[in-house]
$ cat target_12.txt   # compact mmCIF, C-alpha atoms and all ligand atoms
# COMPACT_ATOMS: atom_id res chain seq x y z
CA MET D 207 23.60 -29.98 19.20
CA ILE D 208 20.64 -30.20 16.87
CA THR D 209 21.02 -27.37 14.38
CA ARG D 210 18.31 -25.54 12.45
CA VAL D 211 17.29 -27.03 9.13
CA LYS D 212 19.48 -25.97 6.19
CA GLY D 213 18.19 -22.86 4.44
CA THR D 214 16.14 -21.61 7.40
CA GLN D 215 16.82 -18.69 9.73
CA ASP D 216 16.20 -17.70 13.35
CA PHE D 217 14.98 -14.11 13.71
CA LEU D 218 16.18 -12.97 17.11
CA ASP D 219 15.46 -9.26 16.72
CA LEU D 220 12.13 -8.49 15.11
CA ASP D 221 12.25 -4.67 15.24
CA LEU D 222 13.08 -4.07 11.58
CA LEU D 223 10.96 -6.97 10.37
CA THR D 224 7.96 -5.66 12.32
CA PHE D 225 8.48 -2.20 10.82
CA LEU D 226 8.71 -3.77 7.34
CA ALA D 227 5.53 -5.79 7.82
CA ASP D 228 3.49 -3.02 9.48
CA THR D 229 4.49 -0.46 6.83
CA THR D 230 3.76 -2.85 3.97
CA PHE D 231 0.38 -3.85 5.42
CA ALA D 232 -0.52 -0.16 5.90
CA GLN D 233 0.43 0.55 2.27
CA CYS D 234 -1.77 -2.32 1.04
CA GLU D 235 -4.65 -1.05 3.15
CA LEU D 236 -4.16 2.46 1.80
CA TYR D 237 -4.85 1.00 -1.64
CA GLN D 238 -7.89 -0.91 -0.28
CA PHE D 239 -6.39 -4.40 -0.17
CA LYS D 240 -7.73 -6.65 2.58
CA ARG D 241 -5.50 -9.02 4.52
CA ILE D 242 -6.44 -12.71 4.42
CA GLU D 243 -4.75 -15.99 5.33
CA THR D 244 -4.75 -19.35 3.64
CA PRO D 245 -3.21 -22.61 4.90
CA ILE D 246 0.51 -23.32 4.61
CA ILE D 247 -0.24 -26.85 3.43
CA GLU D 248 -2.04 -27.36 0.14
CA HIS D 249 -2.55 -30.21 -2.31
CA THR D 250 0.56 -30.57 -4.47
CA GLU D 251 -1.77 -30.78 -7.47
CA LEU D 252 -2.67 -27.09 -7.00
CA PHE D 253 0.87 -26.01 -7.83
CA LYS D 254 1.41 -28.63 -10.50
CA ARG D 255 -1.63 -27.35 -12.31
CA SER D 256 -1.01 -23.63 -11.91
CA LEU D 257 2.77 -23.16 -11.98
CA GLY D 258 3.36 -25.94 -14.53
CA LEU D 259 5.20 -29.26 -14.38
CA GLN D 260 8.28 -27.99 -16.17
CA THR D 261 8.99 -25.14 -13.75
CA ASP D 262 11.90 -25.46 -11.31
CA VAL D 263 9.57 -24.85 -8.39
CA VAL D 264 7.35 -27.82 -9.19
CA SER D 265 9.89 -30.18 -10.73
CA LYS D 266 12.72 -29.75 -8.21
CA GLU D 267 11.84 -27.56 -5.26
CA MET D 268 8.65 -28.86 -3.65
CA PHE D 269 8.58 -29.93 0.00
CA THR D 270 5.99 -32.69 -0.12
CA ILE D 271 4.64 -34.29 3.03
CA LYS D 272 3.93 -37.96 3.53
CA SER D 273 0.42 -38.22 4.91
CA HIS D 274 -1.90 -41.05 5.84
CA ASP D 275 -4.53 -39.80 3.37
CA GLN D 276 -2.02 -40.17 0.60
CA GLU D 277 -1.45 -43.82 1.43
CA GLN D 278 -5.08 -44.41 0.54
CA ASN D 279 -5.21 -42.05 -2.41
CA PRO D 280 -2.00 -40.88 -4.13
CA ALA D 281 -3.84 -37.83 -5.52
CA ASP D 282 -4.10 -36.52 -1.94
CA GLU D 283 -0.40 -35.66 -1.79
CA ILE D 284 0.14 -32.44 0.15
CA CYS D 285 3.04 -30.00 0.26
CA LEU D 286 4.29 -26.87 1.97
CA ARG D 287 3.25 -24.00 -0.28
CA PRO D 288 6.06 -22.63 -2.47
CA GLU D 289 4.19 -19.39 -3.29
CA ALA D 290 0.86 -17.75 -2.55
CA THR D 291 -0.82 -16.81 -5.83
CA ALA D 292 -2.13 -20.31 -6.55
CA SER D 293 -3.48 -20.57 -2.97
CA LEU D 294 -5.22 -17.19 -3.18
CA VAL D 295 -6.81 -18.08 -6.50
CA ARG D 296 -7.91 -21.42 -5.03
CA ALA D 297 -9.45 -19.53 -2.09
CA PHE D 298 -11.24 -17.18 -4.50
CA VAL D 299 -12.74 -20.09 -6.46
CA GLU D 300 -13.46 -22.39 -3.51
CA ASN D 301 -15.18 -19.69 -1.44
CA GLY D 302 -17.32 -18.59 -4.39
CA ILE D 303 -16.22 -14.94 -4.20
CA ASP D 304 -18.32 -12.93 -6.61
CA GLN D 305 -17.29 -9.39 -5.75
CA VAL D 306 -14.56 -8.35 -8.17
CA PRO D 307 -12.03 -6.92 -8.22
CA TRP D 308 -11.07 -8.96 -5.14
CA LYS D 309 -8.09 -7.07 -3.71
CA VAL D 310 -6.33 -9.13 -1.06
CA PHE D 311 -2.90 -9.58 0.48
CA THR D 312 -1.34 -12.20 2.67
CA TYR D 313 1.90 -12.62 4.62
CA GLY D 314 3.66 -15.80 5.60
CA PRO D 315 6.32 -18.43 5.01
CA MET D 316 6.95 -20.12 1.66
CA PHE D 317 9.09 -23.21 1.09
CA ARG D 318 11.34 -24.10 -1.82
CA TYR D 319 14.07 -26.70 -1.89
CA GLU D 320 16.70 -24.40 -3.38
CA ARG D 321 20.47 -24.23 -2.87
CA PRO D 322 20.77 -21.78 0.04
CA GLN D 323 22.89 -18.64 -0.37
CA LYS D 324 22.67 -14.96 0.60
CA GLY D 325 19.05 -13.92 0.01
CA ARG D 326 17.97 -17.43 -0.94
CA TYR D 327 16.45 -19.72 1.67
CA ARG D 328 14.38 -22.87 1.83
CA GLN D 329 11.92 -21.22 4.19
CA PHE D 330 11.39 -17.56 3.33
CA HIS D 331 8.56 -15.08 3.66
CA GLN D 332 6.51 -13.14 1.17
CA VAL D 333 3.87 -10.45 1.29
CA SER D 334 1.72 -11.38 -1.69
CA MET D 335 -0.95 -9.12 -3.11
CA GLU D 336 -3.47 -9.99 -5.78
CA ILE D 337 -6.21 -8.22 -7.71
CA ILE D 338 -8.50 -10.96 -8.97
CA GLY D 339 -11.02 -9.82 -11.57
CA ALA D 340 -8.93 -6.94 -12.90
CA THR D 341 -9.55 -6.57 -16.59
CA SER D 342 -8.02 -3.18 -17.31
CA GLN D 343 -4.25 -2.94 -17.58
CA ALA D 344 -4.54 0.14 -15.35
CA HIS D 345 -4.73 -2.32 -12.41
CA ASP D 346 -1.20 -3.45 -13.27
CA VAL D 347 -0.11 0.16 -13.19
CA GLU D 348 -1.76 0.82 -9.85
CA LEU D 349 -0.13 -2.27 -8.32
CA LEU D 350 3.27 -1.12 -9.56
CA LEU D 351 2.57 2.37 -8.27
CA MET D 352 1.72 0.96 -4.82
CA LEU D 353 4.97 -1.02 -4.70
CA ASP D 354 7.17 1.74 -6.08
CA ARG D 355 5.79 4.31 -3.66
CA LEU D 356 6.27 1.83 -0.81
CA PHE D 357 9.92 1.24 -1.68
CA SER D 358 10.82 4.86 -2.45
CA ASP D 359 8.66 6.93 -0.08
CA LYS D 360 8.09 4.64 2.90
CA PHE D 361 11.32 2.64 2.85
CA LYS D 362 13.56 5.42 1.42
CA LEU D 363 15.23 3.03 -1.02
CA VAL D 364 17.12 4.66 -3.88
CA ASN D 365 19.34 2.01 -5.38
CA TYR D 366 16.74 -0.14 -7.13
CA ALA D 367 15.08 -0.49 -10.51
CA LEU D 368 11.78 -1.74 -11.86
CA HIS D 369 12.13 -4.08 -14.85
CA ILE D 370 9.05 -4.79 -16.91
CA ASN D 371 8.13 -6.81 -19.96
CA PHE D 372 4.93 -7.81 -21.73
CA LEU D 373 4.26 -11.45 -22.65
CA GLY D 374 1.09 -10.88 -24.69
CA CYS D 375 -1.91 -13.17 -24.83
CA GLN D 376 -1.89 -16.96 -25.38
CA GLU D 377 -1.95 -16.59 -29.17
CA ASP D 378 0.91 -14.09 -29.10
CA ARG D 379 3.02 -16.45 -27.01
CA LYS D 380 2.22 -19.40 -29.25
CA LYS D 381 3.35 -17.43 -32.29
CA TYR D 382 6.40 -16.08 -30.49
CA ARG D 383 7.51 -19.52 -29.26
CA GLU D 384 7.71 -20.64 -32.89
CA ILE D 385 9.70 -17.55 -33.89
CA LEU D 386 12.07 -18.03 -30.95
CA TYR D 387 12.42 -21.72 -31.70
CA ALA D 388 13.42 -20.99 -35.30
CA PHE D 389 16.00 -18.45 -34.06
CA LEU D 390 17.45 -20.82 -31.43
CA LYS D 391 17.63 -23.70 -33.91
CA LYS D 392 20.16 -21.62 -35.88
CA HIS D 393 22.32 -21.24 -32.73
CA GLN D 394 21.69 -24.68 -31.25
CA ASP D 395 25.36 -25.74 -31.27
CA GLU D 396 26.35 -22.70 -29.19
CA LEU D 397 23.79 -23.34 -26.41
CA ASP D 398 24.52 -25.24 -23.19
CA GLY D 399 22.73 -28.46 -22.27
CA LEU D 400 20.15 -26.85 -19.97
CA CYS D 401 19.13 -24.35 -22.65
CA LYS D 402 18.83 -27.10 -25.25
CA ASP D 403 16.53 -28.92 -22.85
CA ARG D 404 14.48 -25.81 -22.08
CA MET D 405 14.22 -25.03 -25.77
CA GLU D 406 12.23 -28.25 -26.19
CA LYS D 407 10.25 -28.18 -22.95
CA ASN D 408 9.63 -24.58 -21.84
CA ILE D 409 11.32 -22.44 -24.42
CA MET D 410 10.91 -18.95 -22.90
CA ARG D 411 12.79 -20.10 -19.79
CA VAL D 412 16.03 -20.13 -21.83
CA PHE D 413 16.32 -16.42 -21.00
CA ASP D 414 16.88 -17.26 -17.31
CA CYS D 415 20.19 -18.99 -18.18
CA LYS D 416 23.24 -17.74 -16.24
CA ASN D 417 25.73 -18.75 -18.96
CA GLN D 418 27.38 -15.71 -20.58
CA GLN D 419 27.74 -17.34 -23.99
CA CYS D 420 24.03 -18.20 -24.10
CA GLN D 421 23.11 -14.70 -22.93
CA GLU D 422 25.04 -13.15 -25.81
CA ILE D 423 22.88 -15.11 -28.22
CA TYR D 424 19.68 -14.14 -26.36
CA ASN D 425 20.63 -10.46 -26.58
CA LYS D 426 20.10 -10.79 -30.32
CA ALA D 427 16.94 -12.90 -30.06
CA PRO D 428 13.59 -11.64 -31.35
CA LYS D 429 11.60 -9.78 -28.67
CA ILE D 430 8.07 -10.84 -27.81
CA THR D 431 6.91 -7.22 -27.68
CA ASP D 432 7.62 -6.97 -31.43
CA TYR D 433 5.07 -9.73 -32.11
CA LEU D 434 2.02 -8.64 -30.10
CA CYS D 435 -1.49 -8.60 -31.54
CA SER D 436 -2.96 -5.12 -31.91
CA GLU D 437 -4.98 -5.35 -28.67
CA CYS D 438 -1.96 -6.44 -26.63
CA ALA D 439 0.27 -3.87 -28.32
CA GLY D 440 -2.20 -1.16 -27.27
CA GLN D 441 -2.25 -2.41 -23.66
CA TRP D 442 1.54 -2.61 -23.51
CA GLN D 443 1.79 0.97 -24.74
CA ALA D 444 -0.83 2.08 -22.22
CA VAL D 445 1.05 0.45 -19.32
CA GLN D 446 4.22 2.31 -20.27
CA ASN D 447 2.44 5.63 -20.80
CA GLN D 448 0.59 5.43 -17.49
CA LEU D 449 3.73 4.51 -15.55
CA SER D 450 5.55 7.47 -17.09
CA LEU D 451 2.70 9.86 -16.31
CA LEU D 452 2.70 8.67 -12.69
CA SER D 453 6.49 9.13 -12.50
CA VAL D 454 7.19 5.45 -11.87
CA ASN D 455 10.64 4.82 -13.32
CA PHE D 456 11.03 1.56 -15.20
CA SER D 457 13.18 -0.10 -17.79
CA VAL D 458 11.94 -2.54 -20.38
CA GLU D 459 13.71 -5.88 -20.07
CA PRO D 460 12.88 -8.08 -23.09
CA LYS D 461 14.44 -11.16 -21.47
CA LEU D 462 12.26 -10.98 -18.35
CA VAL D 463 9.80 -13.88 -18.61
CA ARG D 464 9.48 -15.08 -14.98
CA GLY D 465 9.55 -18.81 -14.48
CA LEU D 466 5.93 -19.78 -14.00
CA ASP D 467 3.42 -20.97 -16.58
CA TYR D 468 0.51 -18.83 -15.44
CA TYR D 469 1.91 -15.42 -16.41
CA SER D 470 0.56 -13.48 -19.37
CA LYS D 471 0.91 -9.86 -20.50
CA THR D 472 2.61 -7.61 -17.91
CA VAL D 473 5.47 -9.16 -15.90
CA PHE D 474 7.82 -7.25 -13.63
CA GLU D 475 10.58 -7.41 -11.05
CA PHE D 476 12.07 -4.91 -8.64
CA VAL D 477 15.82 -5.45 -8.46
CA SER D 478 18.68 -3.92 -6.51
CA PRO D 479 22.42 -4.30 -7.12
CA ASP D 480 22.89 -4.11 -3.32
CA LEU D 481 21.57 -7.67 -3.06
CA GLY D 482 24.27 -9.42 -5.10
CA ALA D 483 23.34 -12.45 -7.21
CA GLN D 484 19.79 -12.77 -5.85
CA SER D 485 18.89 -9.25 -6.90
CA ALA D 486 15.08 -9.42 -7.22
CA PHE D 487 13.24 -8.37 -4.07
CA ALA D 488 9.72 -8.32 -5.51
CA GLY D 489 8.10 -9.66 -8.63
CA GLY D 490 4.82 -10.49 -10.23
CA GLY D 491 2.62 -10.09 -13.22
CA ARG D 492 -0.70 -10.71 -14.86
CA TYR D 493 -2.37 -14.12 -14.97
CA ASP D 494 -5.50 -13.98 -17.07
CA GLN D 495 -6.38 -17.69 -17.31
CA LEU D 496 -5.50 -19.05 -13.86
CA VAL D 497 -8.94 -18.64 -12.27
CA SER D 498 -10.71 -20.71 -14.93
CA HIS D 499 -7.77 -23.11 -15.02
CA LEU D 500 -8.34 -23.80 -11.31
CA GLY D 501 -12.05 -24.40 -11.76
CA GLY D 502 -13.55 -20.89 -11.68
CA ARG D 503 -16.83 -20.59 -13.56
CA GLN D 504 -15.45 -17.84 -15.78
CA ASP D 505 -12.10 -16.30 -16.62
CA GLN D 506 -11.07 -13.57 -14.21
CA PRO D 507 -8.15 -11.60 -15.62
CA SER D 508 -5.92 -10.91 -12.60
CA VAL D 509 -2.64 -9.40 -11.56
CA GLY D 510 -0.47 -9.90 -8.51
CA ALA D 511 2.91 -9.41 -6.92
CA ALA D 512 5.03 -10.83 -4.12
CA ILE D 513 7.62 -9.07 -2.02
CA GLY D 514 10.54 -11.22 -0.84
CA VAL D 515 10.67 -10.22 2.83
CA GLU D 516 14.21 -11.44 3.61
CA ARG D 517 15.65 -9.57 0.63
CA LEU D 518 13.75 -6.39 1.39
CA LEU D 519 15.00 -6.71 4.97
CA LEU D 520 18.60 -6.82 3.68
CA LEU D 521 17.92 -3.56 1.80
CA LEU D 522 16.29 -1.92 4.83
CA GLU D 523 19.40 -2.70 6.90
CA THR D 524 21.35 -0.41 4.56
CA VAL D 525 18.97 2.57 5.04
CA LYS D 526 17.93 1.87 8.64
CA ALA D 527 19.26 5.20 9.92
CA ASN D 528 16.79 7.11 7.68
CA LEU D 529 13.73 5.10 8.71
CA PRO D 530 11.15 6.24 11.25
CA LEU D 531 11.50 3.12 13.40
CA PRO D 532 9.39 3.16 16.57
CA GLN D 533 11.30 4.33 19.67
CA ALA D 534 12.32 1.51 21.98
CA LYS D 535 10.13 1.42 25.10
CA ALA D 536 11.68 2.53 28.42
CA VAL D 537 13.05 -0.44 30.33
CA ARG D 538 12.36 -0.47 34.08
CA VAL D 539 13.48 -3.19 36.43
CA ILE D 540 12.49 -4.02 39.99
CA ILE D 541 15.25 -5.47 42.14
CA PRO D 542 14.22 -7.19 45.38
CA MET D 543 17.39 -7.24 47.47
CA GLY D 544 16.55 -10.47 49.27
CA GLN D 545 14.13 -13.36 48.99
CA ALA D 546 11.87 -11.71 51.54
CA GLN D 547 11.18 -8.86 49.09
CA GLN D 548 10.34 -11.06 46.07
CA THR D 549 6.59 -11.20 46.70
CA LEU D 550 6.42 -7.43 47.15
CA ALA D 551 8.40 -7.01 43.90
CA LEU D 552 5.90 -9.18 42.02
CA LEU D 553 2.98 -7.24 43.52
CA LEU D 554 4.44 -3.86 42.53
CA ALA D 555 5.24 -5.11 39.02
CA ASP D 556 1.66 -6.34 38.69
CA GLU D 557 0.35 -2.88 39.61
CA LEU D 558 2.61 -1.13 37.08
CA ARG D 559 1.72 -3.55 34.29
CA ALA D 560 -2.00 -3.11 35.06
CA GLN D 561 -1.39 0.52 34.05
CA ASP D 562 0.38 -0.54 30.83
CA MET D 563 3.87 0.18 32.13
CA SER D 564 6.32 -2.45 31.02
CA VAL D 565 8.57 -3.68 33.80
CA ASP D 566 10.92 -6.59 34.48
CA VAL D 567 11.56 -8.17 37.88
CA LEU D 568 15.11 -9.46 38.44
CA LEU D 569 15.01 -12.48 40.70
CA ASP D 570 18.30 -14.36 40.51
CA GLY D 571 21.83 -13.74 41.75
CA SER D 572 23.42 -11.22 44.08
CA PHE D 573 22.42 -7.54 44.25
CA LYS D 574 25.63 -6.63 42.38
CA HIS D 575 24.83 -9.15 39.68
CA MET D 576 21.27 -7.81 39.33
CA MET D 577 22.53 -4.21 38.99
CA LYS D 578 24.92 -5.34 36.25
CA LYS D 579 22.02 -7.09 34.52
CA ALA D 580 19.91 -3.91 34.76
CA ASN D 581 22.71 -1.99 33.02
CA LYS D 582 23.01 -4.63 30.34
CA LEU D 583 19.28 -4.44 29.67
CA GLY D 584 19.64 -0.69 29.16
CA ALA D 585 17.25 0.07 32.03
CA SER D 586 16.35 3.71 32.52
CA HIS D 587 15.35 3.11 36.17
CA ALA D 588 15.93 0.42 38.77
CA ILE D 589 13.39 0.12 41.57
CA LEU D 590 15.24 -1.23 44.61
CA ILE D 591 13.47 -2.91 47.52
CA GLY D 592 15.46 -3.86 50.61
CA GLN D 593 14.19 -4.72 54.10
CA ASP D 594 14.38 -1.04 55.02
CA GLU D 595 12.18 0.04 52.09
CA GLN D 596 9.76 -2.81 52.75
CA ASP D 597 9.31 -1.80 56.40
CA ALA D 598 8.73 1.83 55.41
CA ARG D 599 6.32 0.90 52.57
CA GLU D 600 8.67 2.67 50.17
CA VAL D 601 11.05 1.87 47.30
CA THR D 602 14.30 3.44 46.15
CA VAL D 603 14.15 4.57 42.53
CA LYS D 604 17.58 4.79 40.94
CA ASN D 605 17.99 6.72 37.71
CA MET D 606 20.42 4.50 35.81
CA VAL D 607 21.66 7.32 33.59
CA THR D 608 22.41 9.99 36.19
CA GLY D 609 22.86 7.67 39.16
CA ALA D 610 20.47 9.84 41.26
CA GLN D 611 18.38 7.99 43.86
CA GLU D 612 15.21 8.91 45.69
CA ARG D 613 12.88 7.18 48.12
CA ILE D 614 9.20 7.23 47.24
CA ALA D 615 6.09 5.63 48.68
CA GLN D 616 5.07 2.34 47.05
CA THR D 617 1.60 3.76 46.39
CA ALA D 618 3.15 6.68 44.44
CA LEU D 619 5.26 4.50 42.10
CA ALA D 620 2.92 4.36 39.08
CA GLY D 621 2.24 8.10 39.31
CA TYR D 622 5.99 8.77 39.50
CA PHE D 623 6.61 7.05 36.16
CA LYS D 624 3.51 8.54 34.52
CA LYS D 625 4.87 12.04 34.88
P1 LIG J 1 8.55 -15.48 -6.99
O1 LIG J 1 7.42 -16.08 -6.20
O2 LIG J 1 9.55 -16.51 -7.45
O3 LIG J 1 8.08 -14.54 -8.04
O4 LIG J 1 9.37 -14.58 -5.96
C1 LIG J 1 8.96 -13.34 -5.50
C2 LIG J 1 10.02 -12.81 -4.58
O5 LIG J 1 10.20 -13.71 -3.48
C3 LIG J 1 11.40 -12.76 -5.24
O6 LIG J 1 11.58 -11.54 -5.92
C4 LIG J 1 12.31 -12.86 -4.04
O7 LIG J 1 12.49 -11.60 -3.46
C5 LIG J 1 11.55 -13.75 -3.10
N1 LIG J 1 12.07 -15.13 -3.15
C6 LIG J 1 11.80 -16.09 -4.04
N2 LIG J 1 12.46 -17.24 -3.74
C7 LIG J 1 13.15 -16.99 -2.62
C8 LIG J 1 14.03 -17.77 -1.77
N3 LIG J 1 14.28 -19.04 -2.03
N4 LIG J 1 14.58 -17.17 -0.69
C9 LIG J 1 14.30 -15.88 -0.39
N5 LIG J 1 13.48 -15.10 -1.12
C10 LIG J 1 12.91 -15.65 -2.22
$ encode --input "target_12.txt" --output "structure tokens" --more "lines below"
Ligand code: AMP
Amino acid sequence: MITRVKGTQDFLDLDLLTFLADTTFAQCELYQFKRIETPIIEHTELFKRSLGLQTDVVSKEMFTIKSHDQEQNPADEICLRPEATASLVRAFVENGIDQVPWKVFTYGPMFRYERPQKGRYRQFHQVSMEIIGATSQAHDVELLLMLDRLFSDKFKLVNYALHINFLGCQEDRKKYREILYAFLKKHQDELDGLCKDRMEKNIMRVFDCKNQQCQEIYNKAPKITDYLCSECAGQWQAVQNQLSLLSVNFSVEPKLVRGLDYYSKTVFEFVSPDLGAQSAFAGGGRYDQLVSHLGGRQDQPSVGAAIGVERLLLLLETVKANLPLPQAKAVRVIIPMGQAQQTLALLLADELRAQDMSVDVLLDGSFKHMMKKANKLGASHAILIGQDEQDAREVTVKNMVTGAQERIAQTALAGYFKK
């Protein structure tokens, strides 16, 4: 047997996933975001330049594809996208969009070569939303409001929290990195190897360490929000005030930095203890320099978020009974009792379907076997056609719940189900 690729999943029942996607899309549209799509393959350079070479995603987790173009020009290397923000910003720049704010969302698979575990896959899905050209910090607040209302009101989730932090502007981070470096230098002997490495290469990533001993040191580390310039300090205060006024609950998490290079100012994650180790089911933040970094004519301060679909799906499973899932459609089956009735069965099914009535025709096995199958399918009605019915231009409709049967004219069948 050839198995599925490690870290991927088969989705055999799409009911909850469809509800998740439809509800999320409707929420985005309610806030005037427009759905777009970009390719799944992109130039690897796009992610190297935007996420940063030192990030786990770029340094260890890329699925790159050998292509003929690349044989001629190594710079043409392509990959399966690991996230959507860089692609959406590329699309903004490449298509010369000049209407800002550009509020868009997209849905699709992402690929990261990670160690698979519950809630962590190599192919997973995100709904990503971005506001490109969003100078005011009130955009961050509105994005968080949209997500929080989606999770609490539409998905009826209760056991989750919003963590936020503020990473300041480039100058603030430069100053803070030096302050943090001086602090970590004093504790260098107590840090593990990975943290020592990160300290030199991408210092703020030390906070993502899972080691308890390192975390105890980081609990005492200086906080970036204590070193913001006056403009950033004002924006950080405004974000918190606005969230409070809009009744969006949050907690400030000074160690939340998010792994990617492009983040600045507001960063956030929605987490739930119901998910276990991989507790974040959505995350995002502000990226003020990425547009110009990817070739835009001018800086476009922007903010975005991504929902991890598989993790949100795990949460929805726990509250499924409270969700307004669409009612399953009535299942009707037509059972021709012999081969001679098969053509008539197909003709009648065609007539019902032409009137938007979903119907299945059972064609294989004995009559007994087909009745069993109808039960298994949860059919509300079985339409039986034997030689007798065929000769009389009738069918027998059997109510599978009550067992009641009645003969009706073939021409009256659609009308019978309509009422
Ligand atoms: P990120 O793009 O890393 O900010 O991730 C945004 C969200 O995508 C996370 O909060 C997760 O819910 C989800 N996510 C990220 N990586 C994975 C993965 N390997 N498997 C499943 N979901 C993921």
$ residues_near_ligand --input "target_12.txt" --ligand "ligand LIG 1 (chain J)" --cutoff "7 Å" --atoms "only C-alpha atoms and all ligand atoms" --output "JSON, numbers by chain"
{"D": [289, 318, 320, 325, 326, 327, 328, 329, 330, 331, 332, 475, 486, 487, 488, 489, 490, 512, 513, 514, 515, 516, 517]}
$ closest_residue --input "target_12.txt" --among "D:Ala560, D:Leu400, D:Leu363, D:Met410" --to "Ser478 of chain D" --atoms "all atoms listed in the file"
D:Leu363
$ residues_around --input "target_12.txt" --residues "Phe413 of chain D" --least-positions-apart "3" --cutoff "10 Å" --atoms "all atoms listed in the file" --output "tab-separated table (two decimals) with C-alpha atoms, keeping the file's coordinate frame"
chain	number	residue	atom	x	y	z
D	401	CYS	CA	19.13	-24.35	-22.65
D	404	ARG	CA	14.48	-25.81	-22.08
D	409	ILE	CA	11.32	-22.44	-24.42
D	410	MET	CA	10.91	-18.95	-22.90
D	416	LYS	CA	23.24	-17.74	-16.24
D	417	ASN	CA	25.73	-18.75	-18.96
D	420	CYS	CA	24.03	-18.20	-24.10
D	421	GLN	CA	23.11	-14.70	-22.93
D	423	ILE	CA	22.88	-15.11	-28.22
D	424	TYR	CA	19.68	-14.14	-26.36
D	425	ASN	CA	20.63	-10.46	-26.58
D	427	ALA	CA	16.94	-12.90	-30.06
D	460	PRO	CA	12.88	-8.08	-23.09
D	461	LYS	CA	14.44	-11.16	-21.47
D	462	LEU	CA	12.26	-10.98	-18.35
D	463	VAL	CA	9.80	-13.88	-18.61
D	464	ARG	CA	9.48	-15.08	-14.98
D	465	GLY	CA	9.55	-18.81	-14.48
$ residues_around --input "target_12.txt" --residues "Pro532 of chain D" --least-positions-apart "4" --cutoff "10 Å" --atoms "only C-alpha atoms" --output "PyMOL selection string"
chain D and resi 221-222+224-225
$ residues_around --input "target_12.txt" --residues "Tyr493 of chain D" --least-positions-apart "3" --cutoff "9 Å" --atoms "only C-alpha atoms" --output "ChimeraX atom specification"
/D:468-472,496-497,506-510
$ write_last_selection --input "target_12.txt" --atoms "C-alpha atoms" --output "PDB file, in the frame of the given file"
ATOM      1  CA  TYR D 468       0.510 -18.830 -15.440  1.00  0.00           C
ATOM      2  CA  TYR D 469       1.910 -15.420 -16.410  1.00  0.00           C
ATOM      3  CA  SER D 470       0.560 -13.480 -19.370  1.00  0.00           C
ATOM      4  CA  LYS D 471       0.910  -9.860 -20.500  1.00  0.00           C
ATOM      5  CA  THR D 472       2.610  -7.610 -17.910  1.00  0.00           C
ATOM      6  CA  LEU D 496      -5.500 -19.050 -13.860  1.00  0.00           C
ATOM      7  CA  VAL D 497      -8.940 -18.640 -12.270  1.00  0.00           C
ATOM      8  CA  GLN D 506     -11.070 -13.570 -14.210  1.00  0.00           C
ATOM      9  CA  PRO D 507      -8.150 -11.600 -15.620  1.00  0.00           C
ATOM     10  CA  SER D 508      -5.920 -10.910 -12.600  1.00  0.00           C
ATOM     11  CA  VAL D 509      -2.640  -9.400 -11.560  1.00  0.00           C
ATOM     12  CA  GLY D 510      -0.470  -9.900  -8.510  1.00  0.00           C
TER      13      GLY D 510
END
$ atom_distance --input "target_12.txt" --atom1 "atom CA of Glu595 of chain D" --atom2 "atom CA of Gln616 of chain D"
9.0 Å
$ axis_aligned_box --input "target_12.txt" --around "segment 530-533 of chain D" --padding-each-side "5 Å" --output "lines of an AutoDock Vina configuration file"
center_x = 10.4
center_y = 4.7
center_z = 15.5
size_x = 12.1
size_y = 13.1
size_z = 18.4
$ residues_around --input "target_12.txt" --residues "Leu529 of chain D" --least-positions-apart "4" --cutoff "12 Å" --atoms "all atoms listed in the file" --output "list in words"
Asp221, Leu222, Phe225, Leu226, Thr229, Phe357, Ser358, Asp359, Lys360, Phe361, Lys362, Leu363, Leu521, Leu522, Glu523, Thr524, Val525 and Gln533 of chain D
$ closest_residue --input "target_12.txt" --among "D:Met606, D:Val306, D:Ala620, D:Ala511" --to "Lys578 of chain D" --atoms "only C-alpha atoms"
D:Met606
$ atom_distance --input "target_12.txt" --atom1 "atom CA of Ala292 of chain D" --atom2 "atom CA of Leu259 of chain D"
14.0 Å
$ atom_distance --input "target_12.txt" --atom1 "atom CA of Tyr237 of chain D" --atom2 "atom CA of Val310 of chain D"
10.3 Å
$ closest_residue --input "target_12.txt" --among "D:Asp432, D:Asp505, D:Asp346, D:Asp562" --to "Gly491 of chain D" --atoms "all atoms listed in the file"
D:Asp346
$ residues_around --input "target_12.txt" --residues "Cys438 of chain D" --least-positions-apart "2" --cutoff "8 Å" --atoms "only C-alpha atoms" --output "ChimeraX atom specification"
/D:374-375,434-436,440-442,471
$ closest_residue --input "target_12.txt" --among "D:Gln484, D:Ser572, D:Gln596, D:Ser498" --to "Lys324 of chain D" --atoms "all atoms listed in the file"
D:Gln484
$ closest_residue --input "target_12.txt" --among "D:Glu277, D:Pro322, D:Lys266, D:Lys429" --to "Val211 of chain D" --atoms "all atoms listed in the file"
D:Pro322
$ closest_residue --input "target_12.txt" --among "D:Tyr366, D:His393, D:Arg492, D:Arg383" --to "Glu336 of chain D" --atoms "all atoms listed in the file"
D:Arg492
$ residues_near_point --input "target_12.txt" --point "(7.6, -24.1, -21.0)" --cutoff "8 Å" --atoms "only C-alpha atoms" --output "PyMOL selection string"
chain D and resi 258+260-261+404+407-411+467
